[in-house]
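S.K.: Next comes the structure file start-v2.txt, holding compact mmCIF, C-alpha atoms.
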# COMPACT_ATOMS: atom_id res chain seq x y z
CA MET A 28 0.00 0.00 0.00
CA ASN A 29 1.32 3.46 -0.79
CA ASP A 30 0.34 6.87 0.58
CA SER A 31 -1.84 7.67 -2.44
CA ASN A 32 -4.22 4.88 -1.35
CA ILE A 33 -5.11 6.80 1.80
CA LEU A 34 -8.21 8.66 0.73
CA ASP A 35 -9.55 10.00 4.03
CA LYS A 36 -6.77 12.39 5.01
CA PRO A 37 -7.90 15.14 7.39
CA LEU A 38 -8.84 18.40 5.70
CA LEU A 39 -5.91 20.28 7.25
CA HIS A 40 -3.32 17.58 6.59
CA SER A 41 -1.95 19.08 3.35
CA ALA A 42 -1.69 22.54 4.91
CA ILE A 43 0.19 21.09 7.89
CA GLU A 44 2.55 19.20 5.55
CA ALA A 45 3.23 22.47 3.71
CA LYS A 46 3.99 24.15 7.05
CA CYS A 47 6.45 21.31 7.83
CA LYS A 48 8.37 22.13 4.65
CA GLU A 49 8.17 25.87 5.29
CA ILE A 50 9.74 25.70 8.75
CA GLY A 51 12.00 22.70 8.10
CA PHE A 52 10.25 20.42 10.59
CA THR A 53 11.97 17.05 10.14
CA MET A 54 9.98 14.77 12.46
CA PRO A 55 6.55 14.47 10.78
CA SER A 56 4.30 11.59 11.73
CA ASP A 57 3.76 8.64 9.44
CA LEU A 58 0.40 8.59 7.63
CA TYR A 59 -0.32 5.05 8.74
CA ILE A 60 -0.05 5.84 12.45
CA GLY A 61 -2.52 8.65 11.76
CA THR A 62 -5.07 6.29 10.26
CA LEU A 63 -4.61 3.89 13.18
CA LEU A 64 -5.12 6.65 15.76
CA LYS A 65 -8.27 7.86 14.01
CA THR A 66 -9.66 4.31 13.97
CA LEU A 67 -8.85 3.61 17.63
CA ILE A 68 -10.24 6.96 18.80
CA SER A 69 -13.48 6.47 16.89
CA SER A 70 -13.96 3.21 18.84
CA LYS A 71 -14.27 5.19 22.10
CA PRO A 72 -17.28 7.55 21.87
CA HIS A 73 -17.44 10.26 24.53
CA GLY A 74 -13.77 9.53 25.15
CA ASN A 75 -10.91 11.32 26.84
CA PHE A 76 -7.66 11.21 24.86
CA LEU A 77 -4.05 12.30 25.33
CA GLU A 78 -1.25 12.97 22.87
CA LEU A 79 2.25 13.42 24.25
CA GLY A 80 4.28 15.24 21.60
CA THR A 81 2.05 17.53 19.53
CA GLY A 82 4.82 18.33 17.09
CA ILE A 83 3.42 20.33 14.23
CA GLY A 84 0.03 18.60 14.45
CA LEU A 85 0.02 15.89 11.77
CA SER A 86 -1.01 13.06 14.12
CA LEU A 87 -3.25 15.49 15.95
CA SER A 88 -5.20 16.13 12.73
CA TRP A 89 -6.01 12.40 12.48
CA MET A 90 -6.90 12.17 16.16
CA ILE A 91 -9.29 15.11 15.87
CA ASP A 92 -10.91 13.45 12.84
CA GLY A 93 -11.66 10.41 15.02
CA LEU A 94 -13.33 12.38 17.82
CA ASP A 95 -17.07 12.52 18.25
CA ALA A 96 -18.78 15.70 19.40
CA GLU A 97 -18.64 14.79 23.12
CA SER A 98 -15.00 13.61 23.21
CA LYS A 99 -12.04 15.63 24.42
CA LEU A 100 -8.37 15.57 23.54
CA THR A 101 -5.35 17.03 25.31
CA SER A 102 -2.10 17.43 23.39
CA ILE A 103 1.17 18.30 25.14
CA ASP A 104 4.40 19.68 23.68
CA ASN A 105 7.30 21.61 25.18
CA ASP A 106 8.12 23.65 22.04
CA PRO A 107 6.31 27.02 22.10
CA GLU A 108 6.70 27.53 18.34
CA LEU A 109 5.12 24.17 17.54
CA CYS A 110 2.35 24.72 20.08
CA PHE A 111 1.61 28.09 18.46
CA ILE A 112 1.41 26.48 15.00
CA ALA A 113 -0.88 23.71 16.24
CA GLN A 114 -3.03 26.27 18.05
CA ASP A 115 -3.24 28.25 14.81
CA PHE A 116 -4.52 25.17 12.93
CA PHE A 117 -6.81 23.73 15.61
CA GLY A 118 -7.41 26.40 18.25
CA ASN A 119 -11.07 26.88 17.42
CA ASP A 120 -11.99 23.27 18.26
CA PRO A 121 -13.60 23.24 21.73
CA ARG A 122 -12.84 19.51 22.14
CA LEU A 123 -9.09 20.18 22.05
CA ASN A 124 -6.72 21.52 24.71
CA ILE A 125 -3.17 22.19 23.49
CA VAL A 126 -0.79 22.54 26.43
CA CYS A 127 2.71 23.94 26.06
CA ALA A 128 4.57 22.35 28.97
CA ASP A 129 7.31 19.95 29.91
CA GLY A 130 5.68 16.57 29.35
CA ALA A 131 7.38 14.90 32.32
CA GLU A 132 6.20 17.60 34.71
CA TRP A 133 2.71 17.59 33.22
CA ILE A 134 2.40 13.81 33.68
CA LYS A 135 3.66 13.98 37.28
CA ASN A 136 1.20 16.77 38.16
CA TYR A 137 -1.87 15.58 36.25
CA ALA A 138 -4.81 14.82 38.54
CA GLY A 139 -7.73 14.61 36.11
CA GLU A 140 -9.70 11.68 34.75
CA SER A 141 -8.05 8.68 33.12
CA PHE A 142 -7.65 8.35 29.35
CA ASP A 143 -9.29 6.07 26.79
CA LEU A 144 -6.18 6.36 24.62
CA VAL A 145 -2.70 7.73 25.19
CA PHE A 146 -0.49 8.27 22.16
CA ALA A 147 3.04 8.73 23.51
CA ASP A 148 5.10 10.25 20.71
CA ALA A 149 7.63 12.01 22.92
CA TRP A 150 10.22 10.97 25.49
CA PRO A 151 7.89 11.57 28.48
CA GLY A 152 5.31 8.81 28.66
CA LYS A 153 7.46 6.55 26.51
CA TYR A 154 11.00 6.44 27.90
CA SER A 155 10.34 8.31 31.14
CA GLU A 156 7.28 8.54 33.44
CA ILE A 157 6.11 5.22 32.00
CA GLU A 158 4.63 3.96 35.28
CA GLU A 159 2.73 7.21 35.74
CA ILE A 160 1.33 7.30 32.21
CA LEU A 161 0.24 3.66 32.20
CA ALA A 162 -1.60 4.31 35.47
CA LEU A 163 -3.60 6.98 33.62
CA VAL A 164 -4.97 4.57 30.99
CA LYS A 165 -8.54 3.41 31.67
CA VAL A 166 -9.37 -0.29 31.78
CA GLY A 167 -10.11 -1.11 28.14
CA GLY A 168 -8.09 1.89 27.05
CA PHE A 169 -5.19 1.98 24.60
CA TYR A 170 -1.55 2.94 25.05
CA VAL A 171 -0.02 3.52 21.60
CA ILE A 172 3.63 4.15 20.71
CA ASP A 173 5.38 4.30 17.36
CA ASP A 174 8.99 4.52 16.16
CA MET A 175 9.79 1.09 17.60
CA SER A 176 11.57 -0.06 14.40
CA ALA A 177 15.11 1.18 13.83
CA GLN A 178 15.19 4.65 12.25
CA PRO A 179 18.15 6.14 10.36
CA ASN A 180 18.16 9.26 12.56
CA TRP A 181 18.46 7.39 15.88
CA PRO A 182 21.39 8.42 18.04
CA VAL A 183 23.91 5.81 19.16
CA GLY A 184 22.44 3.75 22.00
CA HIS A 185 18.78 4.48 21.23
CA GLN A 186 18.09 0.87 20.20
CA ASP A 187 18.93 -0.14 23.80
CA LYS A 188 16.23 2.25 25.06
CA VAL A 189 13.69 0.77 22.64
CA ASP A 190 14.62 -2.79 23.60
CA GLY A 191 14.34 -1.93 27.29
CA LEU A 192 10.93 -0.34 26.83
CA ILE A 193 9.61 -3.33 24.89
CA ALA A 194 10.92 -5.74 27.54
CA TYR A 195 9.28 -3.65 30.27
CA LEU A 196 5.91 -3.59 28.47
CA GLU A 197 6.08 -7.34 27.78
CA GLN A 198 6.41 -8.15 31.48
CA ARG A 199 3.41 -6.01 32.52
CA LYS A 200 0.53 -8.28 33.53
CA ASP A 201 -2.09 -5.51 33.40
CA PHE A 202 -1.83 -4.89 29.64
CA ASN A 203 -2.37 -7.01 26.53
CA LEU A 204 0.27 -6.11 23.97
CA THR A 205 0.54 -6.24 20.19
CA LYS A 206 3.84 -5.41 18.50
CA MET A 207 3.44 -4.57 14.84
CA ASN A 208 6.19 -4.50 12.25
CA TRP A 209 4.21 -1.88 10.36
CA SER A 210 4.47 1.86 9.76
CA THR A 211 7.47 2.93 11.88
CA GLY A 212 7.04 0.01 14.29
CA VAL A 213 3.93 0.29 16.44
CA ILE A 214 2.95 -1.13 19.81
CA ILE A 215 -0.66 -1.12 20.97
CA ALA A 216 -1.33 -2.09 24.55
CA THR A 217 -4.80 -2.43 26.07
CA LYS A 218 -5.30 -2.21 29.83
CA LYS A 219 -6.92 -5.18 31.53
CA GLU A 220 -8.78 -5.24 34.85
Any chance you could give the structure as structure tokens?

M.R.:
Amino acid sequence: MNDSNILDKPLLHSAIEAKCKEIGFTMPSDLYIGTLLKTLISSKPHGNFLELGTGIGLSLSWMIDGLDAESKLTSIDNDPELCFIAQDFFGNDPRLNIVCADGAEWIKNYAGESFDLVFADAWPGKYSEIEEILALVKVGGFYVIDDMSAQPNWPVGHQDKVDGLIAYLEQRKDFNLTKMNWSTGVIIATKKE
């Protein structure tokens, strides 16, 4: 399957891709993870969702497309410029709260309701604060991470971090886990009772 077969791209996706090129943003999300997020989110009506690592908003555009009218989505990033761009694209959507903050601090201080899906696309919630973020996933909820397959831009030693994270998730008894050699390497974990 190639990218041209994806027919249901979010309306703002092309504009966000153009903005990526304009500002030289080099970490755009894969289209396939976007379609997966939209599908998973649409399975949780009236849901509460979290994205860690807003970036420029490519994955966010898919997540928003999956929301129903009563759902809400919080997206966290520590880069003020990227938060401003995402706010410019999506700021009028009352279901969305874009937070410009250190993700690790936000996770440690969060005291709201649990999440139906957490997409951890940043260091916090993926390689740090993992216990805290998994505690925030509702029973039946999804924890989704990508970039689990080797990437050409990985720094030396990053594969060890990935291997350690996978081993940690595999030993958790409170989550069912699927590792997919697809897109950039995806793991979906669902919380059990």

S.K.: Restricting the calculation to only C-alpha atoms, which member of A:Ile83, A:Ile215, A:Ala194, A:Ile103 is positioned closest to Asp115 (chain A)?

M.R.: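 Closest to Asp115 (chain A), using only C-alpha atoms: A:Ile83.
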
S.K.: Each residue of region 169-217 of chain A lying at most 10 Å from region 138-154 of chain A should get a row with its shortest atom-to-atom pair and the distance in Å to one decimal, counting only C-alpha atoms; could you produce that, ordered by chain and increasing number, as CSV?

M.R.:
residue,atom,partner,partner_atom,distance
A:Phe169,CA,A:Leu144,CA,4.5
A:Tyr170,CA,A:Val145,CA,4.9
A:Val171,CA,A:Phe146,CA,4.8
A:Ile172,CA,A:Ala147,CA,5.4
A:Asp173,CA,A:Asp148,CA,6.8
A:Asp174,CA,A:Asp148,CA,8.3
A:Lys188,CA,A:Tyr154,CA,7.3
A:Val189,CA,A:Tyr154,CA,8.2
A:Gly191,CA,A:Tyr154,CA,9.0
A:Leu192,CA,A:Tyr154,CA,6.9
A:Ile215,CA,A:Phe146,CA,9.5
A:Ala216,CA,A:Leu144,CA,9.7
A:Thr217,CA,A:Leu144,CA,9.0

S.K.: If the box runs along x, y and z of the file and leaves 4 Å on each side of region 58-70 of chain A, what are its centre and edge lengths in Å, one decimal, as lines of an AutoDock Vina configuration file?

M.R.:
center_x = -6.8
center_y = 5.9
center_z = 13.2
size_x = 22.4
size_y = 13.4
size_z = 19.2

S.K.: Rounded to one decimal in Å, what is the spacing between CA of Met90 (chain A) and CA of Gly61 (chain A)?

M.R.: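 Pair CA of Met90 (chain A) / CA of Gly61 (chain A) returns 7.1 Å.
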
S.K.: To one decimal in Å, tell me the separation between CA of Phe76 (chain A) and CA of Asp95 (chain A).

M.R.: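 Computed distance, CA of Phe76 (chain A) to CA of Asp95 (chain A), equals 11.6 Å.
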
S.K.: I'd like the neighbourhood of Cys127 (chain A) as number ranges by chain, where a residue qualifies if any of its atoms comes within 7 Å (using all atoms listed in the file), though same-chain residues fewer than 4 positions away should be ignored.

M.R.: A: 103-107, 110

S.K.: If we draw a sphere of 12 Å around (-3.6, 17.6, 5.9), which residues have at least one atom in it when counting only C-alpha atoms? Please report them as a ChimeraX atom specification.

M.R.: /A:33-47,55-56,58,61,83-89,91-92,116-117
